[in-house]
Structure formats: C-alpha cells, structure tokens
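J.: What follows is input.cif, made up of mmCIF, C-alpha atoms:
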data_query
#
loop_
_atom_site.label_atom_id
_atom_site.label_comp_id
_atom_site.auth_asym_id
_atom_site.auth_seq_id
_atom_site.Cartn_x
_atom_site.Cartn_y
_atom_site.Cartn_z
CA MET A 1 77.16 69.60 120.64
CA THR A 2 80.56 71.21 120.95
CA THR A 3 81.54 73.49 118.08
CA ILE A 4 85.05 72.99 116.72
CA ILE A 5 86.90 76.03 115.39
CA ALA A 6 90.20 75.20 113.67
CA HIS A 7 92.79 77.58 115.13
CA ARG A 8 94.71 79.04 112.17
CA GLY A 9 93.49 76.05 110.16
CA PHE A 10 94.50 73.45 112.81
CA ALA A 11 98.00 74.87 113.22
CA GLY A 12 99.19 71.76 115.03
CA VAL A 13 99.03 69.71 111.84
CA ASN A 14 98.85 72.25 108.99
CA PRO A 15 100.96 75.27 107.89
CA GLU A 16 99.09 77.94 109.81
CA ASN A 17 96.98 80.65 108.16
CA THR A 18 97.46 79.33 104.64
CA VAL A 19 94.97 78.42 101.93
CA GLY A 20 96.07 74.79 102.24
CA ALA A 21 95.48 74.78 106.00
CA VAL A 22 92.00 76.26 105.68
CA ARG A 23 91.07 73.74 102.99
CA ALA A 24 92.42 70.83 105.03
CA ALA A 25 90.66 71.95 108.19
CA ALA A 26 87.29 72.53 106.56
CA ALA A 27 86.32 68.86 106.59
CA ARG A 28 86.95 68.46 110.33
CA ALA A 29 85.81 71.78 111.76
CA ASP A 30 82.61 73.78 111.97
CA ARG A 31 84.53 77.00 111.41
CA VAL A 32 88.14 78.01 110.71
CA GLU A 33 89.92 80.82 112.59
CA VAL A 34 92.46 82.99 110.76
CA ASP A 35 94.49 86.07 111.69
CA VAL A 36 94.39 89.21 109.57
CA VAL A 37 96.98 92.01 109.59
CA ALA A 38 97.82 94.96 107.34
CA CYS A 39 100.77 95.36 105.00
CA ALA A 40 102.39 98.75 104.47
CA ASP A 41 99.72 99.83 101.97
CA GLY A 42 96.88 98.52 104.13
CA THR A 43 96.29 95.30 102.18
CA PRO A 44 94.87 92.65 104.54
CA VAL A 45 97.00 89.49 104.63
CA VAL A 46 96.42 86.29 106.59
CA PHE A 47 99.26 86.10 109.09
CA HIS A 48 99.77 86.07 112.86
CA ASP A 49 103.16 87.47 113.88
CA ALA A 50 104.43 91.02 113.56
CA ARG A 51 107.43 89.85 111.55
CA LEU A 52 108.09 87.23 108.89
CA ASP A 53 111.32 86.20 110.62
CA ALA A 54 112.26 85.26 114.19
CA GLU A 55 113.27 88.70 115.41
CA ALA A 56 111.68 90.34 118.47
CA ASP A 57 108.64 88.31 119.61
CA SER A 58 107.96 86.67 116.24
CA ARG A 59 108.54 82.96 115.71
CA GLY A 60 110.07 82.88 112.24
CA VAL A 61 107.38 80.80 110.57
CA THR A 62 108.37 81.93 107.06
CA ASP A 63 111.54 82.19 104.96
CA GLY A 64 111.00 85.94 104.62
CA SER A 65 112.20 88.79 106.80
CA GLY A 66 110.98 92.14 108.03
CA THR A 67 107.95 93.62 109.76
CA VAL A 68 104.72 92.92 107.89
CA ALA A 69 103.40 96.45 108.51
CA ASP A 70 106.48 97.86 106.70
CA LEU A 71 106.37 95.53 103.69
CA SER A 72 104.49 95.47 100.41
CA PRO A 73 101.88 92.75 99.88
CA GLU A 74 104.05 91.35 97.08
CA THR A 75 106.92 90.83 99.54
CA VAL A 76 104.73 89.33 102.24
CA THR A 77 102.89 86.92 99.94
CA ALA A 78 106.19 85.69 98.48
CA ALA A 79 107.12 84.26 101.91
CA GLU A 80 106.85 80.48 102.29
CA VAL A 81 105.24 79.21 105.50
CA LEU A 82 107.10 76.51 107.43
CA GLU A 83 108.77 75.02 104.33
CA SER A 84 105.36 73.73 103.25
CA GLY A 85 105.22 75.14 99.74
CA GLN A 86 102.35 77.34 100.95
CA ARG A 87 102.72 81.13 100.80
CA VAL A 88 101.26 83.83 103.03
CA PRO A 89 97.93 84.64 101.34
CA THR A 90 96.14 87.92 100.99
CA LEU A 91 92.70 87.84 102.58
CA ASP A 92 91.26 88.33 99.10
CA ARG A 93 92.96 85.17 97.83
CA LEU A 94 91.96 83.11 100.87
CA LEU A 95 88.33 84.10 100.39
CA ALA A 96 88.43 83.30 96.69
CA GLU A 97 89.95 79.85 97.18
CA THR A 98 88.01 78.58 100.23
CA ASP A 99 84.37 78.53 101.32
CA VAL A 100 84.34 77.42 104.97
CA PRO A 101 82.76 79.72 107.61
CA LEU A 102 85.48 81.90 109.14
CA ASP A 103 86.38 83.43 112.47
CA VAL A 104 88.53 86.43 111.51
CA GLU A 105 90.82 87.76 114.22
CA LEU A 106 91.66 91.42 113.62
CA LYS A 107 95.23 91.65 114.91
CA ARG A 108 97.02 94.71 113.53
CA PRO A 109 95.74 97.56 111.33
CA GLY A 110 99.34 98.64 110.63
CA ALA A 111 101.94 100.11 112.94
CA GLY A 112 100.56 100.60 116.44
CA THR A 113 97.40 98.99 117.77
CA GLY A 114 96.97 100.57 121.20
CA PRO A 115 96.28 98.67 124.42
CA ARG A 116 94.23 95.49 124.54
CA GLY A 117 91.00 95.04 126.43
CA SER A 118 88.34 97.47 127.58
CA LEU A 119 89.28 101.14 127.20
CA PRO A 120 88.32 104.21 129.22
CA PRO A 121 85.48 106.13 127.52
CA ALA A 122 87.82 109.02 126.63
CA ASP A 123 90.04 106.69 124.57
CA ARG A 124 87.41 104.78 122.62
CA ASP A 125 86.82 107.20 119.74
CA ALA A 126 90.52 107.45 118.88
CA ALA A 127 90.90 103.67 119.03
CA ARG A 128 87.94 103.15 116.72
CA GLU A 129 89.26 105.71 114.22
CA ARG A 130 92.68 104.02 114.22
CA TRP A 131 91.10 100.73 113.15
CA LEU A 132 88.44 101.99 110.73
CA PRO A 133 90.48 102.12 107.47
CA PHE A 134 91.69 98.53 107.92
CA VAL A 135 88.31 97.26 109.07
CA ASP A 136 86.68 98.87 106.04
CA ARG A 137 88.97 96.92 103.72
CA VAL A 138 88.37 93.64 105.55
CA LEU A 139 84.59 94.07 105.58
CA ASP A 140 84.52 95.01 101.88
CA LEU A 141 86.38 91.80 101.02
CA ILE A 142 84.32 89.53 103.25
CA ASP A 143 80.97 90.99 102.19
CA GLY A 144 78.45 88.14 101.99
CA ARG A 145 80.70 85.47 103.52
CA ASP A 146 79.78 83.64 106.72
CA ALA A 147 82.27 85.35 109.05
CA ARG A 148 82.57 86.37 112.68
CA TYR A 149 85.05 89.03 113.78
CA SER A 150 87.14 88.69 116.92
CA SER A 151 89.83 90.85 118.49
CA PHE A 152 91.61 91.64 121.72
CA PHE A 153 91.31 95.33 120.77
CA GLU A 154 88.23 97.36 121.61
CA GLY A 155 88.98 99.72 118.73
CA ALA A 156 88.65 96.87 116.23
CA LEU A 157 85.33 95.71 117.68
CA ALA A 158 84.01 99.28 117.75
CA ALA A 159 85.04 99.85 114.13
CA VAL A 160 83.27 96.70 112.93
CA ARG A 161 80.12 97.60 114.84
CA GLU A 162 80.11 101.15 113.45
CA ARG A 163 80.35 99.86 109.88
CA ASP A 164 77.98 96.90 110.23
CA ALA A 165 75.24 96.81 112.86
CA SER A 166 74.56 93.13 112.20
CA ALA A 167 78.13 91.77 112.03
CA ALA A 168 78.88 88.81 114.29
CA LEU A 169 81.43 89.80 116.94
CA ALA A 170 83.44 87.94 119.59
CA PRO A 171 85.75 89.78 122.00
CA LEU A 172 88.94 87.84 122.74
CA CYS A 173 89.94 88.03 126.39
CA THR A 174 92.11 86.62 129.15
CA ALA A 175 89.54 87.60 131.79
CA LEU A 176 85.84 86.83 131.45
CA ASP A 177 84.80 90.13 133.03
CA THR A 178 86.54 91.97 130.18
CA GLY A 179 84.88 89.75 127.61
CA ARG A 180 81.46 90.29 129.16
CA ALA A 181 81.91 94.07 129.24
CA LEU A 182 82.96 94.28 125.60
CA ALA A 183 80.28 91.86 124.46
CA THR A 184 77.62 93.98 126.16
CA ARG A 185 79.04 97.26 124.81
CA TYR A 186 79.17 96.07 121.20
CA ASP A 187 76.28 93.60 121.17
CA ALA A 188 78.53 90.61 120.53
CA GLY A 189 76.87 87.22 120.35
CA ALA A 190 80.00 85.34 121.45
CA ILE A 191 82.98 85.67 123.78
CA HIS A 192 86.33 83.99 123.14
CA PRO A 193 88.14 83.62 126.49
CA SER A 194 91.35 81.77 127.23
CA LEU A 195 91.13 78.35 128.83
CA ALA A 196 92.71 79.80 131.98
CA ALA A 197 90.01 82.47 132.16
CA VAL A 198 87.24 79.88 131.95
CA ARG A 199 88.87 77.64 134.52
CA ALA A 200 89.23 80.58 136.93
CA ALA A 201 85.64 81.77 136.55
CA GLU A 202 82.82 80.68 138.85
CA SER A 203 80.55 80.44 135.81
CA VAL A 204 80.51 81.27 132.11
CA PRO A 205 77.91 83.56 130.50
CA ALA A 206 74.73 81.71 129.59
CA ASP A 207 73.43 84.45 127.27
CA ARG A 208 76.33 84.28 124.79
CA THR A 209 78.29 81.61 122.96
CA VAL A 210 81.60 80.88 124.70
CA ASN A 211 84.42 79.49 122.54
CA VAL A 212 87.66 78.74 124.41
CA TRP A 213 91.23 79.12 123.09
CA THR A 214 93.71 77.65 122.49
CA VAL A 215 92.92 73.97 123.09
CA ARG A 216 95.78 71.58 122.29
CA THR A 217 95.04 68.35 124.19
CA TRP A 218 92.00 66.23 124.91
CA VAL A 219 92.49 66.96 128.62
CA GLU A 220 92.15 70.69 127.89
CA ALA A 221 89.17 70.01 125.65
CA ARG A 222 87.42 68.11 128.43
CA ALA A 223 88.22 70.83 130.98
CA ALA A 224 86.81 73.54 128.70
CA VAL A 225 83.58 71.67 128.05
CA GLU A 226 83.14 70.80 131.72
CA ALA A 227 83.61 74.50 132.56
CA GLY A 228 80.73 75.38 130.25
CA ALA A 229 82.37 76.13 126.89
CA ASP A 230 80.16 75.89 123.82
CA GLY A 231 83.09 75.59 121.44
CA LEU A 232 86.80 74.87 121.23
CA ILE A 233 89.31 76.93 119.25
CA ALA A 234 91.70 74.05 118.70
CA ASP A 235 95.12 73.38 117.18
CA TYR A 236 94.31 69.73 116.43
CA PRO A 237 91.30 67.88 115.03
CA GLY A 238 89.72 65.07 117.00
CA LEU A 239 90.17 66.54 120.48
CA THR A 240 86.56 65.96 121.47
CA ARG A 241 86.83 62.19 120.95
CA TRP A 242 87.22 61.39 124.64
CA ILE A 243 85.06 64.10 126.16
CA GLY A 244 81.85 62.14 126.20
CA LYS A 245 78.88 61.12 124.16
CA GLY A 246 77.33 63.89 122.12
CA THR A 247 80.30 66.27 121.92
CA GLY A 248 82.12 66.95 118.72
CA SER A 249 80.26 66.41 115.47
CA ARG A 250 83.10 65.98 112.99
CA ASP A 251 85.64 63.63 114.52
#
Just dump the structure as structure tokens.

T.:
Amino acid sequence: MTTIIAHRGFAGVNPENTVGAVRAAAARADRVEVDVVACADGTPVVFHDARLDAEADSRGVTDGSGTVADLSPETVTAAEVLESGQRVPTLDRLLAETDVPLDVELKRPGAGTGPRGSLPPADRDAARERWLPFVDRVLDLIDGRDARYSSFFEGALAAVRERDASAALAPLCTALDTGRALATRYDAGAIHPSLAAVRAAESVPADRTVNVWTVRTWVEARAAVEAGADGLIADYPGLTRWIGKGTGSRD
C-alpha cells in the first residue's frame, strides 16, 4: 500500500509547518513532513523559507520580516503564518503538542549551508562539522520520537549518521543516481527523489523505500506509483483515491 507523507502538514489545505497543520494532517497521513531551520542562536524552528517576508527567494508566508538565521526565536515564533492564527513553532513546541511520526527535513543550520548533493571526499568533513551543532540540537529534542531525517545536503546526513548510527535517513534528490550514492554512503533506508527524477529513471531502487515529492494532483500520484514509488510526499490528502485498488490506506 502506498504510504502518504503530508508535505509540511498538507500545505495545500493547511498553514504549512504549523502545529495546527501537523495535527490536521495526522488523521489522513502515515507520516508528516516538516522543515527545520536554525534561528540566530541555533534554536531549531519549523519553517521552510530563508526569510519571513517575500524578499529574495522567499514567499512571504508570514506577517514577519527578516532572515530567520539572523533573528531570535522570540521574533520568529511571533510571526503568523498565512493569516491563519497559527505561529511559527519551535521544534520543541511542535514535538510537545503533536505525536504523529515525522519526516524532518534539515534545511539550514544557520547562515551558509554549502552545496547540495554528493560532495567530493575532500569536502565532506568540513560539511559535516558545519552541520553538527544544529543536528545535535535537533536530535536531542527528537530523542525517542518516531522520526526520519531527510536533507539535500550531504553534510546534514553525515552529521546525523555520526551522532546516531541507527537513525532513519532519506537523502532528498533531483537525480536518482545522487540519491542512491548518498543512501549507500550513509546507510539510508529511504530515498526521497523528485517526481521528475523518478519519471526520468529507467527503474527505481528495489532495496530502499522510495518516497516521491512533491505530489499535488492525482495524475502525479498515479504517475509516481506507476514508476515504482512506495510513498507520496503530498500537498493534499486523498490523492491516491483514483490510483487503483489497494493504494492509499487513509483516504
């Protein structure tokens, strides 16, 4: 049966990455995906964009302003998300107020993340060290929770694996070859490729769970499953309804 992972708490229908979204998504998903970034003091908060406002490449999903990595957690968590009445939560608060299994995307450990994807051997130690302080804080908070850690950044995956030999990992990728390489290097049980990557591949790995992002329509859901996906990282609930008998357990 196809696993459903609620992308940012089903961001198509809920205020993304909020406690309310995670609670609402829990009843219709097997797991909920959230993004985690660092404030200026290193506090992990649940947020996607670099900025609270619509400057640079950020979308302006809150009524706040400024770069999250430069702001205090008090400033970040005062920001309202999409006029919903929901505020940006700290990871600590989200964990305390929800209990659904999580997919935690490690996005930014502060200012500067380095390049995405697989790194040359000479660059891997520095990348891991850059991520370790943030990863330590995230792992300490999540201790004991059902959680899997994903990232586009090799340094983040390497830092998690160094700190916890048994942690569940899932490299995020836009090319399956990159995902396979990172999954092998860090003993990851899953790979999270884009839908385009799965469609372009001759086959998907049979030895690891493959969860495809970001699925927004039932046509995309069907294409992902037909290409061999085990799970869908989806913006909307109910997308497996028309795929076929036996897919989607919570629609």

J.: I'd like to see the residues matched by the PyMOL selection byres ((chain A and resi 110) around 7) on this file, and ideally I'd get them as a JSON list (two decimals) with C-alpha atoms, in the coordinates of the input.

T.:
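Now in result-v3.json:
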[["chain", "number", "residue", "atom", "x", "y", "z"],
["A", 38, "ALA", "CA", 97.82, 94.96, 107.34],
["A", 39, "CYS", "CA", 100.77, 95.36, 105.00],
["A", 40, "ALA", "CA", 102.39, 98.75, 104.47],
["A", 42, "GLY", "CA", 96.88, 98.52, 104.13],
["A", 69, "ALA", "CA", 103.40, 96.45, 108.51],
["A", 108, "ARG", "CA", 97.02, 94.71, 113.53],
["A", 109, "PRO", "CA", 95.74, 97.56, 111.33],
["A", 111, "ALA", "CA", 101.94, 100.11, 112.94],
["A", 112, "GLY", "CA", 100.56, 100.60, 116.44]]

J.: Using all atoms listed in the file, can you list as a PyMOL selection string the residues within 7 Å of (88.6, 79.1, 113.3)?

T.: chain A and resi 5-9+31-34+102-103+233

J.: Keeping only C-alpha atoms, write the selected residues to a file as a PDB file, keeping the file's coordinate frame.

T.:
ATOM      1  CA  ILE A   5      86.900  76.030 115.390  1.00  0.00           C
ATOM      2  CA  ALA A   6      90.200  75.200 113.670  1.00  0.00           C
ATOM      3  CA  HIS A   7      92.790  77.580 115.130  1.00  0.00           C
ATOM      4  CA  ARG A   8      94.710  79.040 112.170  1.00  0.00           C
ATOM      5  CA  GLY A   9      93.490  76.050 110.160  1.00  0.00           C
ATOM      6  CA  ARG A  31      84.530  77.000 111.410  1.00  0.00           C
ATOM      7  CA  VAL A  32      88.140  78.010 110.710  1.00  0.00           C
ATOM      8  CA  GLU A  33      89.920  80.820 112.590  1.00  0.00           C
ATOM      9  CA  VAL A  34      92.460  82.990 110.760  1.00  0.00           C
ATOM     10  CA  LEU A 102      85.480  81.900 109.140  1.00  0.00           C
ATOM     11  CA  ASP A 103      86.380  83.430 112.470  1.00  0.00           C
ATOM     12  CA  ILE A 233      89.310  76.930 119.250  1.00  0.00           C
TER      13      ILE A 233
END

J.: Neighbouring residues of Leu106 in chain A were defined as those with any atom within 12 Å, considering all atoms listed in the file; residues of the same chain fewer than 4 positions away were excluded. Please report them as an NGL selection string.

T.: :A and (33-38 or 44-48 or 91 or 110 or 113 or 116 or 131-132 or 134-139 or 148-160 or 169-172)

J.: For Gly144 in chain A, which residue out of A:Arg161, A:Asp99, A:Ala54, A:Arg180 is the nearest one, using all atoms listed in the file?

T.: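 Selected residue with least distance to Gly144 in chain A: A:Asp99.
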
J.: Can you measure CA of Val68 in chain A to CA of Ala96 in chain A for me? One decimal in Å is fine.

T.: 22.0 Å
